[in-house]
$ cat coords.cif   # mmCIF, C-alpha atoms
data_final
loop_
_atom_site.group_PDB
_atom_site.id
_atom_site.type_symbol
_atom_site.label_atom_id
_atom_site.label_comp_id
_atom_site.auth_asym_id
_atom_site.auth_seq_id
_atom_site.Cartn_x
_atom_site.Cartn_y
_atom_site.Cartn_z
ATOM 1 C CA MET A 228 21.936 20.415 -10.860
ATOM 2 C CA THR A 229 24.505 19.066 -13.303
ATOM 3 C CA GLY A 230 25.325 16.249 -10.911
ATOM 4 C CA LEU A 231 21.630 15.398 -10.510
ATOM 5 C CA LEU A 232 21.085 15.261 -14.263
ATOM 6 C CA SER A 233 24.154 13.081 -14.678
ATOM 7 C CA GLY A 234 22.844 10.745 -12.012
ATOM 8 C CA LEU A 235 19.428 10.496 -13.669
ATOM 9 C CA ALA A 236 21.068 9.827 -17.029
ATOM 10 C CA ALA A 237 23.085 7.027 -15.493
ATOM 11 C CA LEU A 238 19.944 5.464 -13.998
ATOM 12 C CA THR A 239 18.156 5.466 -17.347
ATOM 13 C CA ALA A 240 21.139 4.422 -19.440
ATOM 14 C CA SER A 241 20.160 0.759 -19.269
ATOM 15 C CA LEU A 242 17.738 -1.731 -17.738
ATOM 16 C CA PRO A 243 19.110 -3.907 -14.919
ATOM 17 C CA SER A 244 18.814 -7.685 -14.763
ATOM 18 C CA PRO A 245 18.012 -9.552 -11.549
ATOM 19 C CA GLY A 246 20.989 -10.816 -9.589
ATOM 20 C CA SER A 247 19.290 -14.179 -9.074
ATOM 21 C CA ASN A 248 16.619 -16.256 -10.815
ATOM 22 C CA GLU A 249 15.029 -17.147 -7.495
ATOM 23 C CA ILE A 250 12.490 -15.417 -5.269
ATOM 24 C CA VAL A 251 13.302 -16.235 -1.650
ATOM 25 C CA LEU A 252 10.475 -16.251 0.908
ATOM 26 C CA GLY A 253 11.982 -17.398 4.167
ATOM 27 C CA PRO A 254 12.935 -21.058 3.722
ATOM 28 C CA LEU A 255 11.288 -21.176 0.282
ATOM 29 C CA HIS A 256 13.381 -20.719 -2.846
ATOM 30 C CA LEU A 257 10.999 -20.249 -5.769
ATOM 31 C CA ARG A 258 12.142 -20.283 -9.380
ATOM 32 C CA ALA A 259 10.966 -17.011 -10.890
ATOM 33 C CA TYR A 260 10.786 -18.555 -14.366
ATOM 34 C CA GLY A 261 8.196 -21.090 -13.233
ATOM 35 C CA LEU A 262 6.276 -18.481 -11.257
ATOM 36 C CA MET A 263 5.954 -16.211 -14.283
ATOM 37 C CA ILE A 264 4.589 -19.103 -16.342
ATOM 38 C CA ALA A 265 2.149 -19.987 -13.571
ATOM 39 C CA PHE A 266 0.951 -16.383 -13.253
ATOM 40 C CA GLY A 267 0.490 -16.210 -17.026
ATOM 41 C CA VAL A 268 -1.579 -19.402 -17.046
ATOM 42 C CA LEU A 269 -3.776 -18.210 -14.171
ATOM 43 C CA ALA A 270 -4.388 -14.852 -15.839
ATOM 44 C CA ALA A 271 -5.254 -16.488 -19.159
ATOM 45 C CA VAL A 272 -7.639 -19.007 -17.601
ATOM 46 C CA GLU A 273 -9.418 -16.256 -15.670
ATOM 47 C CA MET A 274 -9.807 -14.131 -18.797
ATOM 48 C CA ALA A 275 -11.155 -17.106 -20.755
ATOM 49 C CA ARG A 276 -13.594 -17.933 -17.947
ATOM 50 C CA ARG A 277 -15.017 -14.420 -17.939
ATOM 51 C CA ARG A 278 -15.261 -14.191 -21.709
ATOM 52 C CA TRP A 279 -16.920 -17.613 -21.911
ATOM 53 C CA ALA A 280 -19.463 -16.734 -19.209
ATOM 54 C CA ALA A 281 -20.319 -13.542 -21.116
ATOM 55 C CA ARG A 282 -21.260 -15.706 -24.104
ATOM 56 C CA GLY A 283 -23.489 -17.947 -22.025
ATOM 57 C CA GLY A 284 -20.974 -20.704 -21.345
ATOM 58 C CA ASN A 285 -20.059 -22.406 -18.085
ATOM 59 C CA PRO A 286 -16.770 -20.851 -16.927
ATOM 60 C CA ASP A 287 -15.771 -24.156 -15.354
ATOM 61 C CA ASP A 288 -15.301 -25.487 -18.883
ATOM 62 C CA TRP A 289 -12.039 -23.567 -18.990
ATOM 63 C CA ALA A 290 -10.836 -24.981 -15.693
ATOM 64 C CA ALA A 291 -11.333 -28.451 -17.164
ATOM 65 C CA ILE A 292 -9.553 -27.496 -20.363
ATOM 66 C CA ALA A 293 -6.626 -25.950 -18.463
ATOM 67 C CA ILE A 294 -6.055 -29.112 -16.419
ATOM 68 C CA TRP A 295 -5.349 -31.000 -19.641
ATOM 69 C CA ALA A 296 -4.119 -28.305 -22.038
ATOM 70 C CA VAL A 297 -1.573 -26.587 -19.782
ATOM 71 C CA PRO A 298 0.554 -29.718 -19.129
ATOM 72 C CA ALA A 299 0.259 -30.611 -22.813
ATOM 73 C CA GLY A 300 1.398 -27.111 -23.752
ATOM 74 C CA LEU A 301 4.402 -27.284 -21.425
ATOM 75 C CA ILE A 302 5.422 -30.670 -22.809
ATOM 76 C CA GLY A 303 4.955 -29.466 -26.377
ATOM 77 C CA ALA A 304 6.934 -26.299 -25.690
ATOM 78 C CA ARG A 305 9.812 -28.211 -24.143
ATOM 79 C CA LEU A 306 9.886 -30.805 -26.927
ATOM 80 C CA TYR A 307 9.903 -28.050 -29.545
ATOM 81 C CA HIS A 308 12.798 -26.312 -27.814
ATOM 82 C CA VAL A 309 14.867 -29.478 -27.447
ATOM 83 C CA MET A 310 14.160 -30.591 -31.030
ATOM 84 C CA THR A 311 15.097 -27.222 -32.532
ATOM 85 C CA ASP A 312 18.097 -26.663 -30.245
ATOM 86 C CA TRP A 313 19.283 -30.242 -29.784
ATOM 87 C CA ARG A 314 22.968 -29.383 -30.102
ATOM 88 C CA THR A 315 22.792 -27.598 -26.742
ATOM 89 C CA TYR A 316 22.000 -30.896 -25.022
ATOM 90 C CA GLN A 317 24.507 -33.144 -26.773
ATOM 91 C CA GLY A 318 26.388 -35.156 -24.165
ATOM 92 C CA ARG A 319 24.054 -34.042 -21.370
ATOM 93 C CA TRP A 320 20.600 -35.155 -22.446
ATOM 94 C CA LEU A 321 19.258 -35.276 -18.895
ATOM 95 C CA ASP A 322 19.457 -31.465 -18.846
ATOM 96 C CA ALA A 323 16.553 -31.489 -21.289
ATOM 97 C CA PHE A 324 14.314 -32.204 -18.283
ATOM 98 C CA LYS A 325 15.498 -29.122 -16.349
ATOM 99 C CA ILE A 326 12.604 -26.971 -17.478
ATOM 100 C CA TRP A 327 13.127 -24.530 -14.587
ATOM 101 C CA GLU A 328 16.352 -23.361 -16.225
ATOM 102 C CA GLY A 329 14.386 -22.042 -19.192
ATOM 103 C CA GLY A 330 13.909 -23.287 -22.699
ATOM 104 C CA LEU A 331 10.272 -23.401 -23.811
ATOM 105 C CA GLY A 332 9.413 -23.091 -27.492
ATOM 106 C CA ILE A 333 6.156 -21.143 -27.695
ATOM 107 C CA PRO A 334 5.145 -22.537 -31.133
ATOM 108 C CA GLY A 335 5.274 -26.076 -29.751
ATOM 109 C CA GLY A 336 3.306 -25.034 -26.692
ATOM 110 C CA ILE A 337 0.591 -23.408 -28.785
ATOM 111 C CA ILE A 338 0.260 -26.409 -31.094
ATOM 112 C CA ALA A 339 0.092 -29.003 -28.314
ATOM 113 C CA GLY A 340 -1.969 -26.919 -25.893
ATOM 114 C CA VAL A 341 -4.567 -25.854 -28.456
ATOM 115 C CA ALA A 342 -4.856 -29.373 -29.877
ATOM 116 C CA VAL A 343 -5.558 -30.874 -26.459
ATOM 117 C CA GLY A 344 -7.824 -27.950 -25.552
ATOM 118 C CA VAL A 345 -9.899 -28.522 -28.690
ATOM 119 C CA TRP A 346 -10.213 -32.211 -27.797
ATOM 120 C CA VAL A 347 -11.417 -31.431 -24.260
ATOM 121 C CA GLY A 348 -13.747 -28.699 -25.486
ATOM 122 C CA ARG A 349 -15.334 -31.041 -28.024
ATOM 123 C CA ARG A 350 -15.962 -33.599 -25.299
ATOM 124 C CA ARG A 351 -17.757 -30.909 -23.308
ATOM 125 C CA GLY A 352 -19.916 -29.949 -26.286
ATOM 126 C CA MET A 353 -18.313 -26.556 -26.933
ATOM 127 C CA ARG A 354 -18.551 -24.933 -30.359
ATOM 128 C CA LEU A 355 -15.024 -24.736 -31.749
ATOM 129 C CA PRO A 356 -15.145 -21.242 -33.369
ATOM 130 C CA THR A 357 -16.656 -19.645 -30.259
ATOM 131 C CA GLY A 358 -14.224 -21.353 -27.921
ATOM 132 C CA LEU A 359 -11.192 -20.380 -29.999
ATOM 133 C CA ASP A 360 -12.341 -16.752 -30.156
ATOM 134 C CA VAL A 361 -12.785 -16.708 -26.380
ATOM 135 C CA VAL A 362 -9.242 -17.891 -25.719
ATOM 136 C CA ALA A 363 -7.585 -15.854 -28.496
ATOM 137 C CA PRO A 364 -6.825 -12.725 -26.383
ATOM 138 C CA ALA A 365 -5.974 -14.840 -23.327
ATOM 139 C CA LEU A 366 -3.057 -16.589 -25.028
ATOM 140 C CA PRO A 367 -0.969 -13.453 -25.747
ATOM 141 C CA LEU A 368 -1.681 -12.326 -22.168
ATOM 142 C CA ALA A 369 -0.183 -15.567 -20.848
ATOM 143 C CA GLN A 370 2.776 -15.249 -23.209
ATOM 144 C CA ALA A 371 3.456 -11.652 -22.158
ATOM 145 C CA ILE A 372 3.566 -12.550 -18.467
ATOM 146 C CA GLY A 373 5.539 -15.739 -19.079
ATOM 147 C CA ARG A 374 8.186 -13.836 -21.038
ATOM 148 C CA LEU A 375 9.195 -12.064 -17.824
ATOM 149 C CA GLY A 376 10.717 -15.370 -16.760
ATOM 150 C CA ASN A 377 13.382 -14.811 -19.421
ATOM 151 C CA TRP A 378 14.344 -11.597 -17.645
ATOM 152 C CA TRP A 379 14.963 -13.466 -14.406
ATOM 153 C CA ASN A 380 17.050 -16.092 -16.227
ATOM 154 C CA GLN A 381 18.965 -13.481 -18.271
ATOM 155 C CA GLU A 382 18.137 -15.249 -21.523
ATOM 156 C CA VAL A 383 16.352 -14.647 -24.841
ATOM 157 C CA PHE A 384 17.965 -11.244 -25.303
ATOM 158 C CA GLY A 385 19.129 -9.756 -28.574
ATOM 159 C CA ARG A 386 22.243 -8.255 -30.063
ATOM 160 C CA PRO A 387 24.293 -5.571 -28.260
ATOM 161 C CA THR A 388 22.789 -2.095 -28.195
ATOM 162 C CA THR A 389 23.524 1.331 -26.704
ATOM 163 C CA LEU A 390 19.851 2.347 -26.603
ATOM 164 C CA PRO A 391 18.594 3.711 -23.248
ATOM 165 C CA TRP A 392 16.509 0.588 -22.696
ATOM 166 C CA GLY A 393 19.394 -1.774 -23.359
ATOM 167 C CA LEU A 394 19.418 -4.681 -20.910
ATOM 168 C CA GLU A 395 22.403 -5.305 -18.658
ATOM 169 C CA ILE A 396 23.556 -8.922 -18.947
ATOM 170 C CA ALA A 397 26.101 -10.498 -16.609
ATOM 171 C CA PRO A 398 29.257 -11.847 -18.341
ATOM 172 C CA ALA A 399 28.321 -15.421 -17.436
ATOM 173 C CA HIS A 400 25.184 -15.156 -19.584
ATOM 174 C CA ARG A 401 26.661 -13.358 -22.608
ATOM 175 C CA PRO A 402 27.422 -15.187 -25.861
ATOM 176 C CA ALA A 403 31.151 -15.760 -26.285
ATOM 177 C CA ARG A 404 31.357 -13.398 -29.255
ATOM 178 C CA TYR A 405 29.758 -10.593 -27.218
ATOM 179 C CA LEU A 406 31.706 -10.850 -23.959
ATOM 180 C CA ASP A 407 32.950 -7.283 -24.283
ATOM 181 C CA TYR A 408 29.450 -5.831 -24.528
ATOM 182 C CA ALA A 409 27.395 -4.957 -21.443
ATOM 183 C CA THR A 410 23.890 -4.121 -22.737
ATOM 184 C CA PHE A 411 21.649 -5.955 -25.191
ATOM 185 C CA HIS A 412 18.238 -5.661 -26.827
ATOM 186 C CA PRO A 413 15.605 -6.993 -24.366
ATOM 187 C CA THR A 414 13.869 -9.024 -27.072
ATOM 188 C CA PHE A 415 11.729 -10.881 -24.551
ATOM 189 C CA LEU A 416 10.378 -7.487 -23.454
ATOM 190 C CA TYR A 417 9.701 -6.475 -27.057
ATOM 191 C CA GLU A 418 7.724 -9.674 -27.548
ATOM 192 C CA ALA A 419 5.822 -9.192 -24.277
ATOM 193 C CA LEU A 420 4.788 -5.665 -25.241
ATOM 194 C CA TRP A 421 3.804 -6.836 -28.732
ATOM 195 C CA ASN A 422 1.625 -9.529 -27.173
ATOM 196 C CA LEU A 423 -0.119 -7.023 -24.894
ATOM 197 C CA VAL A 424 -0.884 -4.783 -27.869
ATOM 198 C CA LEU A 425 -2.131 -7.823 -29.799
ATOM 199 C CA MET A 426 -4.358 -8.803 -26.879
ATOM 200 C CA GLY A 427 -5.901 -5.320 -26.765
ATOM 201 C CA LEU A 428 -6.475 -5.314 -30.530
ATOM 202 C CA LEU A 429 -8.190 -8.709 -30.421
ATOM 203 C CA ILE A 430 -10.497 -7.627 -27.596
ATOM 204 C CA TRP A 431 -11.384 -4.455 -29.515
ATOM 205 C CA LEU A 432 -12.158 -6.432 -32.682
ATOM 206 C CA ASP A 433 -14.226 -8.909 -30.705
ATOM 207 C CA ARG A 434 -16.379 -6.140 -29.263
ATOM 208 C CA LYS A 435 -17.018 -4.747 -32.744
ATOM 209 C CA ARG A 436 -18.680 -8.062 -33.759
ATOM 210 C CA ALA A 437 -17.574 -7.419 -37.338
ATOM 211 C CA ILE A 438 -15.614 -10.591 -38.135
ATOM 212 C CA ARG A 439 -16.655 -14.220 -38.474
ATOM 213 C CA PRO A 440 -16.585 -16.588 -35.485
ATOM 214 C CA GLY A 441 -13.218 -18.328 -35.358
ATOM 215 C CA ASP A 442 -11.397 -15.613 -37.269
ATOM 216 C CA LEU A 443 -10.280 -13.894 -34.075
ATOM 217 C CA PHE A 444 -8.089 -16.894 -33.267
ATOM 218 C CA VAL A 445 -6.699 -16.909 -36.801
ATOM 219 C CA LEU A 446 -5.788 -13.243 -36.388
ATOM 220 C CA TYR A 447 -4.039 -14.116 -33.133
ATOM 221 C CA VAL A 448 -1.916 -16.748 -34.891
ATOM 222 C CA GLY A 449 -0.999 -14.355 -37.693
ATOM 223 C CA GLY A 450 -0.428 -11.439 -35.325
ATOM 224 C CA TYR A 451 1.829 -13.456 -33.073
ATOM 225 C CA GLY A 452 3.770 -14.747 -36.070
ATOM 226 C CA LEU A 453 4.275 -11.193 -37.342
ATOM 227 C CA GLY A 454 5.612 -10.008 -33.996
ATOM 228 C CA ARG A 455 7.845 -13.019 -33.535
ATOM 229 C CA LEU A 456 9.262 -12.498 -37.043
ATOM 230 C CA TRP A 457 10.863 -9.122 -36.314
ATOM 231 C CA VAL A 458 11.789 -9.999 -32.734
ATOM 232 C CA GLU A 459 13.556 -13.147 -33.929
ATOM 233 C CA ALA A 460 15.676 -11.030 -36.262
ATOM 234 C CA LEU A 461 17.175 -9.292 -33.208
ATOM 235 C CA ARG A 462 18.032 -12.445 -31.250
ATOM 236 C CA SER A 463 21.691 -13.229 -30.561
ATOM 237 C CA ASP A 464 21.488 -16.743 -29.116
ATOM 238 C CA ASN A 465 22.519 -19.775 -31.124
ATOM 239 C CA ALA A 466 19.709 -21.493 -33.019
ATOM 240 C CA SER A 467 19.191 -24.235 -35.565
ATOM 241 C CA LEU A 468 19.028 -22.950 -39.134
ATOM 242 C CA ILE A 469 17.154 -24.074 -42.234
ATOM 243 C CA LEU A 470 18.410 -22.536 -45.480
ATOM 244 C CA GLY A 471 20.187 -19.875 -43.462
ATOM 245 C CA LEU A 472 17.153 -18.822 -41.428
ATOM 246 C CA ARG A 473 16.310 -19.640 -37.816
ATOM 247 C CA VAL A 474 13.652 -22.326 -37.326
ATOM 248 C CA ASN A 475 11.452 -19.845 -35.446
ATOM 249 C CA THR A 476 11.655 -17.476 -38.394
ATOM 250 C CA TRP A 477 10.276 -20.199 -40.646
ATOM 251 C CA MET A 478 7.544 -20.956 -38.108
ATOM 252 C CA SER A 479 6.599 -17.273 -38.014
ATOM 253 C CA LEU A 480 6.379 -17.131 -41.799
ATOM 254 C CA LEU A 481 4.257 -20.293 -41.748
ATOM 255 C CA ALA A 482 1.918 -18.762 -39.147
ATOM 256 C CA ILE A 483 1.516 -15.568 -41.157
ATOM 257 C CA GLY A 484 1.031 -17.350 -44.476
ATOM 258 C CA GLY A 485 -1.352 -19.915 -43.021
ATOM 259 C CA SER A 486 -3.474 -17.209 -41.398
ATOM 260 C CA VAL A 487 -3.719 -15.265 -44.648
ATOM 261 C CA VAL A 488 -4.818 -18.399 -46.520
ATOM 262 C CA VAL A 489 -7.436 -19.334 -43.905
ATOM 263 C CA LEU A 490 -8.896 -15.825 -43.838
ATOM 264 C CA ALA A 491 -8.963 -15.708 -47.640
ATOM 265 C CA VAL A 492 -10.852 -19.014 -47.807
ATOM 266 C CA ARG A 493 -13.262 -18.436 -44.909
ATOM 267 C CA GLY A 494 -13.726 -14.716 -45.344
ATOM 268 C CA LEU A 495 -13.265 -12.104 -42.649
ATOM 269 C CA ARG A 496 -16.513 -10.127 -42.677
ATOM 270 C CA ARG A 497 -19.276 -11.458 -40.462
ATOM 271 C CA ARG A 498 -22.263 -13.074 -42.211
ATOM 272 C CA PRO A 499 -25.955 -12.874 -41.229
ATOM 273 C CA ASP A 500 -26.101 -16.565 -40.267
ATOM 274 C CA ASP A 501 -22.994 -16.444 -38.059
ATOM 275 C CA ASP A 502 -23.570 -16.754 -34.319
ATOM 276 C CA ASP A 503 -21.600 -17.061 -31.103
ATOM 277 C CA GLU A 504 -23.557 -19.807 -29.383
ATOM 278 C CA PRO A 505 -21.269 -21.516 -26.854
ATOM 279 C CA TYR A 506 -22.468 -25.116 -27.245
ATOM 280 C CA GLU A 507 -23.177 -27.393 -30.187
ATOM 281 C CA ASP A 508 -26.626 -28.385 -28.902
ATOM 282 C CA GLY A 509 -27.707 -24.754 -28.468
ATOM 283 C CA HIS A 510 -28.004 -24.716 -24.673
ATOM 284 C CA ARG A 511 -26.647 -21.948 -22.515
ATOM 285 C CA TRP A 512 -25.476 -21.703 -18.944
ATOM 286 C CA SER A 513 -26.640 -19.246 -16.287
ATOM 287 C CA PRO A 514 -24.890 -18.583 -12.954
ATOM 288 C CA THR A 515 -28.321 -18.570 -11.270
ATOM 289 C CA GLU A 516 -30.231 -21.204 -13.246
ATOM 290 C CA GLY A 517 -27.485 -23.535 -14.399
ATOM 291 C CA VAL A 518 -28.106 -25.173 -17.779
ATOM 292 C CA VAL A 519 -30.757 -23.438 -19.889
ATOM 293 C CA GLU A 520 -31.931 -25.755 -22.666
ATOM 294 C CA ALA A 521 -31.982 -24.652 -26.288
ATOM 295 C CA GLY A 522 -35.085 -22.697 -27.199
ATOM 296 C CA VAL A 523 -35.620 -21.463 -23.630
ATOM 297 C CA PRO A 524 -34.822 -17.760 -23.099
ATOM 298 C CA GLY A 525 -31.566 -17.510 -21.195
ATOM 299 C CA PRO A 526 -28.889 -14.982 -20.379
ATOM 300 C CA GLN A 527 -27.496 -13.048 -23.310
ATOM 301 C CA PRO A 528 -23.835 -12.103 -23.756
ATOM 302 C CA ALA A 529 -23.043 -8.903 -21.913
ATOM 303 C CA GLY A 530 -20.925 -6.016 -23.135
ATOM 304 C CA GLY A 531 -20.658 -7.278 -26.710
ATOM 305 C CA GLY A 532 -19.217 -10.544 -25.453
ATOM 306 C CA SER A 533 -15.925 -9.106 -24.257
ATOM 307 C CA GLY A 534 -16.337 -10.853 -20.933
ATOM 308 C CA ASP A 535 -14.687 -8.003 -19.008
ATOM 309 C CA ASP A 536 -17.734 -7.409 -16.803
ATOM 310 C CA ALA A 537 -19.100 -10.938 -16.698
ATOM 311 C CA ALA A 538 -19.521 -12.663 -13.356
ATOM 312 C CA ASP A 539 -17.746 -15.919 -12.657
ATOM 313 C CA GLY A 540 -19.275 -18.949 -11.097
ATOM 314 C CA GLY A 541 -20.762 -22.270 -11.985
ATOM 315 C CA SER A 542 -20.301 -25.889 -11.212
ATOM 316 C CA GLY A 543 -18.896 -28.935 -12.909
ATOM 317 C CA GLU A 544 -16.191 -31.533 -12.619
ATOM 318 C CA ALA A 545 -13.132 -29.636 -13.762
ATOM 319 C CA ALA A 546 -10.943 -32.711 -13.707
ATOM 320 C CA ASP A 547 -13.118 -34.606 -16.190
ATOM 321 C CA PRO A 548 -12.838 -33.390 -19.798
ATOM 322 C CA ARG A 549 -16.385 -34.553 -20.401
#
$ encode --input "coords.cif" --output "structure tokens"
Amino acid sequence: MTGLLSGLAALTASLPSPGSNEIVLGPLHLRAYGLMIAFGVLAAVEMARRRWAARGGNPDDWAAIAIWAVPAGLIGARLYHVMTDWRTYQGRWLDAFKIWEGGLGIPGGIIAGVAVGVWVGRRRGMRLPTGLDVVAPALPLAQAIGRLGNWWNQEVFGRPTTLPWGLEIAPAHRPARYLDYATFHPTFLYEALWNLVLMGLLIWLDRKRAIRPGDLFVLYVGGYGLGRLWVEALRSDNASLILGLRVNTWMSLLAIGGSVVVLAVRGLRRRPDDDDEPYEDGHRWSPTEGVVEAGVPGPQPAGGGSGDDAADGGSGEAADPR
């Protein structure tokens, strides 16, 4: 019995890291980092489609948005990473294009992806507050899944720790000052779990229908900034500093402060004249009838607009932002 308990203790003393950052399927060698990002994008788009359909919108709107916003988000995330960690690429600037090796700055991805998504949504006649509220829980879902790519690359971990959930890191991936330490805080996992909790909270608030349209997205920005703030404090990797603080720490403080200001100006409590109509011209979309013009009785949002039980479907040119 003593031997069994000792064996169990050894198994739970730390979390292992993968021996390779590839998933091999016969002759195929797939980069796990890219796969995790792809899975996160697919999950987020599907959630947004369902939530949009529940509000009376055409789910294909989100396929069209994703075609434009996802590449923009990846470019923005990479640019943000390179700009804030430019010293890493000095003398080998071509490595900045090796996105499969990791290095995506989420703040840059959010800024670029949301900006392009808003542009595409406007061209399709979507109401901005409703569209942003629909995608708000989907974004932390994508981030949570994408963060698993850091596990495969053995990156974005924190300082050394002896906690039972400490992450084993191979010597080749340890910072020089921590070569003698074997286990580290899995900060990417902390952030992923925070994002999943944030996603659940946003969905719960959305179902309550107690806050103003558009405020759900603002709460996402502030909630993500709050989580990133404490996670960033545990990171051990080198980073650019401004006044002694990491750039991502400043970005987190900006996200939190900006969200508080926006909510203070707009107000949080829902008003009698607020609505969740999906399109500017008042029309709705039905999976059986197609476009239902404004003023004509159409399908109503199901389940408080959470979109969890809404059916997918619809038609439209996903490749055309109009």
$ atom_distance --input "coords.cif" --atom1 "atom CA of Leu262 of chain A" --atom2 "atom CA of Ala296 of chain A"
17.9 Å
$ closest_residue --input "coords.cif" --among "A:Ala419, A:Ala291, A:Leu472, A:Ala409" --to "Gly267 of chain A" --atoms "all atoms listed in the file"
A:Ala419
$ resolve_selection --input "coords.cif" --expression "the PyMOL selection byres ((chain A and resi 483) around 10)" --output "PyMOL selection string"
chain A and resi 445-454+456+477-482+484-488
$ closest_residue --input "coords.cif" --among "A:Leu406, A:Ala466, A:Leu257, A:Val347" --to "Ala293 of chain A" --atoms "all atoms listed in the file"
A:Val347
$ resolve_selection --input "coords.cif" --expression "the PyMOL selection byres ((chain A and resi 380-390) around 8)" --output "PDB file with C-alpha atoms, in the coordinates of the input"
ATOM      1  CA  ALA A 240      21.139   4.422 -19.440  1.00  0.00           C
ATOM      2  CA  SER A 241      20.160   0.759 -19.269  1.00  0.00           C
ATOM      3  CA  SER A 244      18.814  -7.685 -14.763  1.00  0.00           C
ATOM      4  CA  PRO A 245      18.012  -9.552 -11.549  1.00  0.00           C
ATOM      5  CA  SER A 247      19.290 -14.179  -9.074  1.00  0.00           C
ATOM      6  CA  ASN A 248      16.619 -16.256 -10.815  1.00  0.00           C
ATOM      7  CA  TYR A 260      10.786 -18.555 -14.366  1.00  0.00           C
ATOM      8  CA  GLU A 328      16.352 -23.361 -16.225  1.00  0.00           C
ATOM      9  CA  GLY A 329      14.386 -22.042 -19.192  1.00  0.00           C
ATOM     10  CA  GLY A 376      10.717 -15.370 -16.760  1.00  0.00           C
ATOM     11  CA  ASN A 377      13.382 -14.811 -19.421  1.00  0.00           C
ATOM     12  CA  TRP A 378      14.344 -11.597 -17.645  1.00  0.00           C
ATOM     13  CA  TRP A 379      14.963 -13.466 -14.406  1.00  0.00           C
ATOM     14  CA  PRO A 391      18.594   3.711 -23.248  1.00  0.00           C
ATOM     15  CA  TRP A 392      16.509   0.588 -22.696  1.00  0.00           C
ATOM     16  CA  GLY A 393      19.394  -1.774 -23.359  1.00  0.00           C
ATOM     17  CA  ILE A 396      23.556  -8.922 -18.947  1.00  0.00           C
ATOM     18  CA  ALA A 397      26.101 -10.498 -16.609  1.00  0.00           C
ATOM     19  CA  HIS A 400      25.184 -15.156 -19.584  1.00  0.00           C
ATOM     20  CA  TYR A 405      29.758 -10.593 -27.218  1.00  0.00           C
ATOM     21  CA  TYR A 408      29.450  -5.831 -24.528  1.00  0.00           C
ATOM     22  CA  ALA A 409      27.395  -4.957 -21.443  1.00  0.00           C
ATOM     23  CA  THR A 410      23.890  -4.121 -22.737  1.00  0.00           C
ATOM     24  CA  PHE A 411      21.649  -5.955 -25.191  1.00  0.00           C
ATOM     25  CA  HIS A 412      18.238  -5.661 -26.827  1.00  0.00           C
ATOM     26  CA  PRO A 413      15.605  -6.993 -24.366  1.00  0.00           C
ATOM     27  CA  THR A 414      13.869  -9.024 -27.072  1.00  0.00           C
ATOM     28  CA  PHE A 415      11.729 -10.881 -24.551  1.00  0.00           C
ATOM     29  CA  LEU A 461      17.175  -9.292 -33.208  1.00  0.00           C
ATOM     30  CA  ARG A 462      18.032 -12.445 -31.250  1.00  0.00           C
ATOM     31  CA  SER A 463      21.691 -13.229 -30.561  1.00  0.00           C
ATOM     32  CA  ASP A 464      21.488 -16.743 -29.116  1.00  0.00           C
TER      33      ASP A 464
END
$ atom_distance --input "coords.cif" --atom1 "atom CA of Trp295 of chain A" --atom2 "atom CA of Leu366 of chain A"
15.6 Å
$ resolve_selection --input "coords.cif" --expression "the PyMOL selection byres ((chain A and resi 425) around 9)" --output "PyMOL selection string"
chain A and resi 364+367-368+420-424+426-430+447+450-451
$ atom_distance --input "coords.cif" --atom1 "atom CA of Thr515 of chain A" --atom2 "atom CA of Trp279 of chain A"
15.6 Å
$ residues_near_point --input "coords.cif" --point "(-2.2, -20.9, -17.6)" --cutoff "10 Å" --atoms "only C-alpha atoms" --output "list in words"
Met263, Ile264, Ala265, Phe266, Gly267, Val268, Leu269, Ala270, Ala271, Val272, Glu273, Ala290, Ala293, Ile294, Ala296, Val297, Pro298, Gly300, Leu301, Ala365, Leu366, Leu368, Ala369, Gln370 and Gly373 of chain A
$ closest_residue --input "coords.cif" --among "A:Gly335, A:Gly284, A:Gly253, A:Pro398" --to "Tyr307 of chain A" --atoms "all atoms listed in the file"
A:Gly335
$ closest_residue --input "coords.cif" --among "A:Leu306, A:Ala339, A:Val345, A:Leu375" --to "Asp288 of chain A" --atoms "all atoms listed in the file"
A:Val345
$ axis_aligned_box --input "coords.cif" --around "segment 283-293 of chain A" --padding-each-side "5 Å" --output "JSON"
{"center_x": -15.1, "center_y": -23.2, "center_z": -18.7, "size_x": 26.9, "size_y": 20.5, "size_z": 16.7}
$ closest_residue --input "coords.cif" --among "A:Asn465, A:Lys435, A:Ala342, A:Pro514" --to "Arg404 of chain A" --atoms "all atoms listed in the file"
A:Asn465
$ closest_residue --input "coords.cif" --among "A:Leu443, A:Ile337, A:Leu416, A:Ile302" --to "Thr357 of chain A" --atoms "all atoms listed in the file"
A:Leu443
$ residues_around --input "coords.cif" --residues "Gly494 of chain A" --least-positions-apart "2" --cutoff "9 Å" --atoms "only C-alpha atoms" --output "PDB file with C-alpha atoms, in the frame of the given file"
ATOM      1  CA  ILE A 438     -15.614 -10.591 -38.135  1.00  0.00           C
ATOM      2  CA  ARG A 439     -16.655 -14.220 -38.474  1.00  0.00           C
ATOM      3  CA  ASP A 442     -11.397 -15.613 -37.269  1.00  0.00           C
ATOM      4  CA  VAL A 489      -7.436 -19.334 -43.905  1.00  0.00           C
ATOM      5  CA  LEU A 490      -8.896 -15.825 -43.838  1.00  0.00           C
ATOM      6  CA  ALA A 491      -8.963 -15.708 -47.640  1.00  0.00           C
ATOM      7  CA  VAL A 492     -10.852 -19.014 -47.807  1.00  0.00           C
ATOM      8  CA  ARG A 496     -16.513 -10.127 -42.677  1.00  0.00           C
ATOM      9  CA  ARG A 497     -19.276 -11.458 -40.462  1.00  0.00           C
TER      10      ARG A 497
END
$ residues_around --input "coords.cif" --residues "Arg349 of chain A" --least-positions-apart "4" --cutoff "10 Å" --atoms "all atoms listed in the file" --output "PyMOL selection string"
chain A and resi 343-345+353-355+358+506-507+548-549
